[in-house]
Amino acid sequence: MVPTVGIIANPVSARDIRRVIANATSLQITDRANIVLRVLACLKACGVGQVVMMPENGGIRQHVRRGVERSRNLGEHEFPELCYLDMTVSGTVDDTVRAADLMRQRNVDAIVVLGGDGTHRAVVSRSGDVPIAGISTGTNNAFPEHREPTITGLAVGLAVTKQVPALVAFAPNKKLIVRINDNAAEIALVDVALVTDRVVGARALWKPETFRELFVTFADPEVIGMSAIAGLLEPVKRSEPGGLHVLLAPVEEALLTLNAPIAPGYMRPIGVAGWQRLVAGKSYGPQIAAGSVALDGERELSFSERDRVKIALEEDAFRTVNVAAVMDYAARHGLMRQAGLIKKKRQVS
């Protein structure tokens with residue numbers, strides 16, 4: 001059976017208020033399309049014959065089509081067969097959710113995701129057991145690891161063509177589950193933050209004086225955003241059990257103050273009241289009576305004194321392509337090597 005890979009490229013990621021208050025990079029549509037073309041070329045080189053993409057009206061599709069046609073006209077044929085999902089485009093996050101759902105139903109072998117933490121969260125909400133591979137094109141990119149998309153494309157290709165064993169190629173990941181009363185559960189891949197603002201408003205978190213509580217699946221001191229706070233207090237790896245729970249407070253009331261990058265180039269003092277390890281399977285309630293819940297850096301839900309809010313960490317929740325492990329295996333087992341011309345001639349003679 002020919003391996004099939006899905007690609008979800010969000011044309012509107014990295015356009016929240018943090019683009020104004022911070023010094024973040026803004027990827028143009030052509031940049032995103034070029035990333036897709038790099039990934040496509042590497043998938044073809046590894047033996048992937050089919051790719052299905054999420055349709056969008058932002059311009060990525062047109063640039064990708066021109067790149068594929070140019071290669072075909074030159075006789076290079078360096079890209080796999082490419083088609084688009086049959087779905088209505090709304091220009092909202094609903095497109096990402098719908099695309100992930102349709103790709104899961106089509107039994108794709110993996111999904112490559114271009115976007116930030118919010119886009120990856122939307123994909124995981126519907127991707128089920130399909131492994132994903134993240135490429136950072138958002139504002140805060142704590143979940144997708146920063147690396148050249150060419151390498152991500154190679155790793156995905158080697159993984160789905162089974163040149164690398166599944167136990168090496170795919171890694172389990174943690175997620176946070178949030179429930180308010182009996183409403184449907186929401187998820188976060190990196191962090192859940194509780195803030196005093198009760199109005200969702202601009203959604204993105206950028207006012208430290210409102211921060212009160214933080215739950216993270218992993219705490220990496222090399223990332224930015226809310227998870228950077230936890231990472232600078234007590235690092236927790238993606239691969240190790242549990243997470244971290246941090247109590248926050250206004251700077252003038254805190255036990256200590258932490259200088260943290262909560263957005264690109266946006267350093268702010270954060271008041272910390274204390275922290276502890278987060279245990280999987282245990283439900284946690286908020287320390288504040290009312291406010292908003294931010295999922296992976298964006299306010300999504302509000303709650304009042306009458307609501308019951310529960311937050312829990314789930315391990316082995318979904319899979320990702322372990323790019324580093326795949327490329328290490330490829331190097332050690334010579335997967336990218338080919339016999340030289342002199343050796344081939346000797347074999348023929």
# chains A, B, ... in the order shown; residues from 1 in each chain; ligands from 1
>>> select_by_dssp(residues="segment 88-121 of chain A", states="helix (DSSP H, G or I)", output="PyMOL selection string")
chain A and resi 93-105+117-121
>>> write_last_selection(atoms="N, CA and C atoms", output="PDB file, in the first residue's frame")
ATOM      1  N   VAL A  93     -10.148  28.595  12.274  1.00  0.00           N
ATOM      2  CA  VAL A  93      -9.555  27.380  12.825  1.00  0.00           C
ATOM      3  C   VAL A  93     -10.399  26.153  12.518  1.00  0.00           C
ATOM      4  N   ASP A  94     -11.671  26.359  12.185  1.00  0.00           N
ATOM      5  CA  ASP A  94     -12.533  25.231  11.827  1.00  0.00           C
ATOM      6  C   ASP A  94     -11.991  24.468  10.619  1.00  0.00           C
ATOM      7  N   ASP A  95     -11.297  25.169   9.718  1.00  0.00           N
ATOM      8  CA  ASP A  95     -10.697  24.492   8.570  1.00  0.00           C
ATOM      9  C   ASP A  95      -9.663  23.468   9.034  1.00  0.00           C
ATOM     10  N   THR A  96      -8.841  23.858   9.993  1.00  0.00           N
ATOM     11  CA  THR A  96      -7.809  22.964  10.510  1.00  0.00           C
ATOM     12  C   THR A  96      -8.420  21.749  11.183  1.00  0.00           C
ATOM     13  N   VAL A  97      -9.436  21.981  12.001  1.00  0.00           N
ATOM     14  CA  VAL A  97     -10.106  20.888  12.704  1.00  0.00           C
ATOM     15  C   VAL A  97     -10.745  19.928  11.705  1.00  0.00           C
ATOM     16  N   ARG A  98     -11.454  20.469  10.720  1.00  0.00           N
ATOM     17  CA  ARG A  98     -12.117  19.648   9.720  1.00  0.00           C
ATOM     18  C   ARG A  98     -11.104  18.854   8.899  1.00  0.00           C
ATOM     19  N   ALA A  99     -10.016  19.500   8.520  1.00  0.00           N
ATOM     20  CA  ALA A  99      -8.990  18.826   7.719  1.00  0.00           C
ATOM     21  C   ALA A  99      -8.368  17.666   8.490  1.00  0.00           C
ATOM     22  N   ALA A 100      -8.068  17.870   9.754  1.00  0.00           N
ATOM     23  CA  ALA A 100      -7.491  16.799  10.564  1.00  0.00           C
ATOM     24  C   ALA A 100      -8.447  15.621  10.680  1.00  0.00           C
ATOM     25  N   ASP A 101      -9.728  15.933  10.827  1.00  0.00           N
ATOM     26  CA  ASP A 101     -10.742  14.895  10.929  1.00  0.00           C
ATOM     27  C   ASP A 101     -10.820  14.086   9.631  1.00  0.00           C
ATOM     28  N   LEU A 102     -10.841  14.777   8.508  1.00  0.00           N
ATOM     29  CA  LEU A 102     -10.924  14.095   7.215  1.00  0.00           C
ATOM     30  C   LEU A 102      -9.673  13.265   6.934  1.00  0.00           C
ATOM     31  N   MET A 103      -8.504  13.773   7.316  1.00  0.00           N
ATOM     32  CA  MET A 103      -7.271  13.021   7.103  1.00  0.00           C
ATOM     33  C   MET A 103      -7.242  11.754   7.947  1.00  0.00           C
ATOM     34  N   ARG A 104      -7.739  11.857   9.163  1.00  0.00           N
ATOM     35  CA  ARG A 104      -7.833  10.658  10.016  1.00  0.00           C
ATOM     36  C   ARG A 104      -8.767   9.638   9.370  1.00  0.00           C
ATOM     37  N   GLN A 105      -9.887  10.095   8.845  1.00  0.00           N
ATOM     38  CA  GLN A 105     -10.829   9.183   8.200  1.00  0.00           C
ATOM     39  C   GLN A 105     -10.230   8.545   6.951  1.00  0.00           C
ATOM     40  N   ASP A 117       1.397  26.873  18.279  1.00  0.00           N
ATOM     41  CA  ASP A 117       0.807  25.970  19.269  1.00  0.00           C
ATOM     42  C   ASP A 117      -0.692  25.788  19.065  1.00  0.00           C
ATOM     43  N   GLY A 118      -1.390  26.868  18.714  1.00  0.00           N
ATOM     44  CA  GLY A 118      -2.832  26.780  18.525  1.00  0.00           C
ATOM     45  C   GLY A 118      -3.219  25.893  17.358  1.00  0.00           C
ATOM     46  N   THR A 119      -2.490  26.001  16.250  1.00  0.00           N
ATOM     47  CA  THR A 119      -2.777  25.162  15.086  1.00  0.00           C
ATOM     48  C   THR A 119      -2.537  23.693  15.398  1.00  0.00           C
ATOM     49  N   HIS A 120      -1.442  23.398  16.096  1.00  0.00           N
ATOM     50  CA  HIS A 120      -1.143  22.008  16.446  1.00  0.00           C
ATOM     51  C   HIS A 120      -2.195  21.448  17.406  1.00  0.00           C
ATOM     52  N   ARG A 121      -2.668  22.287  18.317  1.00  0.00           N
ATOM     53  CA  ARG A 121      -3.720  21.837  19.234  1.00  0.00           C
ATOM     54  C   ARG A 121      -4.986  21.490  18.459  1.00  0.00           C
TER      55      ARG A 121
END
>>> residues_around(residues="Glu315 of chain A", least_positions_apart="4", cutoff="9 Å", atoms="only C-alpha atoms", output="list of chain:residue names")
A:Pro172, A:Asn173, A:Lys174, A:Lys175, A:Leu176, A:Thr217, A:Pro241, A:Gly242, A:Ala280, A:Gly281
>>> write_last_selection(atoms="N, CA and C atoms", output="mmCIF file, in the first residue's frame")
data_model
loop_
_atom_site.group_PDB
_atom_site.id
_atom_site.type_symbol
_atom_site.label_atom_id
_atom_site.label_comp_id
_atom_site.auth_asym_id
_atom_site.auth_seq_id
_atom_site.Cartn_x
_atom_site.Cartn_y
_atom_site.Cartn_z
ATOM 1 N N PRO A 172 5.386 9.035 22.129
ATOM 2 C CA PRO A 172 4.142 9.425 22.801
ATOM 3 C C PRO A 172 4.261 10.823 23.379
ATOM 4 N N ASN A 173 3.126 11.514 23.493
ATOM 5 C CA ASN A 173 3.099 12.878 24.016
ATOM 6 C C ASN A 173 2.012 13.029 25.071
ATOM 7 N N LYS A 174 2.195 14.018 25.926
ATOM 8 C CA LYS A 174 1.221 14.350 26.971
ATOM 9 C C LYS A 174 0.306 15.470 26.504
ATOM 10 N N LYS A 175 -0.867 15.548 27.123
ATOM 11 C CA LYS A 175 -1.749 16.686 26.890
ATOM 12 C C LYS A 175 -2.517 16.994 28.166
ATOM 13 N N LEU A 176 -3.051 18.198 28.259
ATOM 14 C CA LEU A 176 -3.868 18.624 29.392
ATOM 15 C C LEU A 176 -5.332 18.657 28.960
ATOM 16 N N THR A 217 2.582 20.544 30.349
ATOM 17 C CA THR A 217 2.908 19.145 30.066
ATOM 18 C C THR A 217 4.417 18.930 30.090
ATOM 19 N N PRO A 241 7.642 11.391 32.763
ATOM 20 C CA PRO A 241 6.285 11.414 33.327
ATOM 21 C C PRO A 241 5.985 12.736 34.030
ATOM 22 N N GLY A 242 4.694 13.094 34.049
ATOM 23 C CA GLY A 242 4.246 14.267 34.790
ATOM 24 C C GLY A 242 4.548 15.580 34.115
ATOM 25 N N ALA A 280 0.001 12.820 36.547
ATOM 26 C CA ALA A 280 -0.974 12.383 35.538
ATOM 27 C C ALA A 280 -2.155 11.692 36.201
ATOM 28 N N GLY A 281 -3.338 11.939 35.665
ATOM 29 C CA GLY A 281 -4.537 11.272 36.153
ATOM 30 C C GLY A 281 -5.207 11.927 37.339
#
>>> residues_around(residues="segment 67-84 of chain A", least_positions_apart="6", cutoff="8 Å", atoms="only C-alpha atoms", output="MDAnalysis selection string")
chainID A and resid 37 40:41 43:45 48:55
>>> residues_around(residues="Leu295 of chain A", least_positions_apart="4", cutoff="8 Å", atoms="only C-alpha atoms", output="list in words")
Ile187, Ala188, Asp191, Val192, Ala193, Arg299 and Glu300 of chain A
>>> residues_around(residues="Val236 of chain A", least_positions_apart="4", cutoff="7 Å", atoms="only C-alpha atoms", output="count of residues only")
5
>>> closest_residue(among="A:Asn259, A:Asn107, A:Thr139, A:Thr88", to="Pro221 of chain A", atoms="only C-alpha atoms")
A:Asn259
>>> residues_around(residues="Ser302 of chain A", least_positions_apart="5", cutoff="6 Å", atoms="only C-alpha atoms", output="list of chain:residue names")
A:Arg198, A:Gly291, A:Ser292, A:Val293
>>> closest_residue(among="A:Arg38, A:Arg268, A:His333, A:Lys282", to="Thr150 of chain A", atoms="only C-alpha atoms")
A:Arg38
>>> closest_residue(among="A:Thr30, A:Gln287, A:Gln62, A:Ser125", to="Ile177 of chain A", atoms="only C-alpha atoms")
A:Ser125
>>> residues_around(residues="Glu298 of chain A", least_positions_apart="4", cutoff="8 Å", atoms="only C-alpha atoms", output="list in words")
Gly118, Arg203, Ala204, Leu205 and Ala294 of chain A
>>> closest_residue(among="A:Ala230, A:Val190, A:Met327, A:Ala290", to="Thr210 of chain A", atoms="only C-alpha atoms")
A:Ala290
>>> atom_distance(atom1="atom CA of Glu253 of chain A", atom2="atom CA of Leu194 of chain A")
17.3 Å
>>> closest_residue(among="A:Arg306, A:Pro286, A:Ile35, A:Val251", to="Arg147 of chain A", atoms="only C-alpha atoms")
A:Ile35
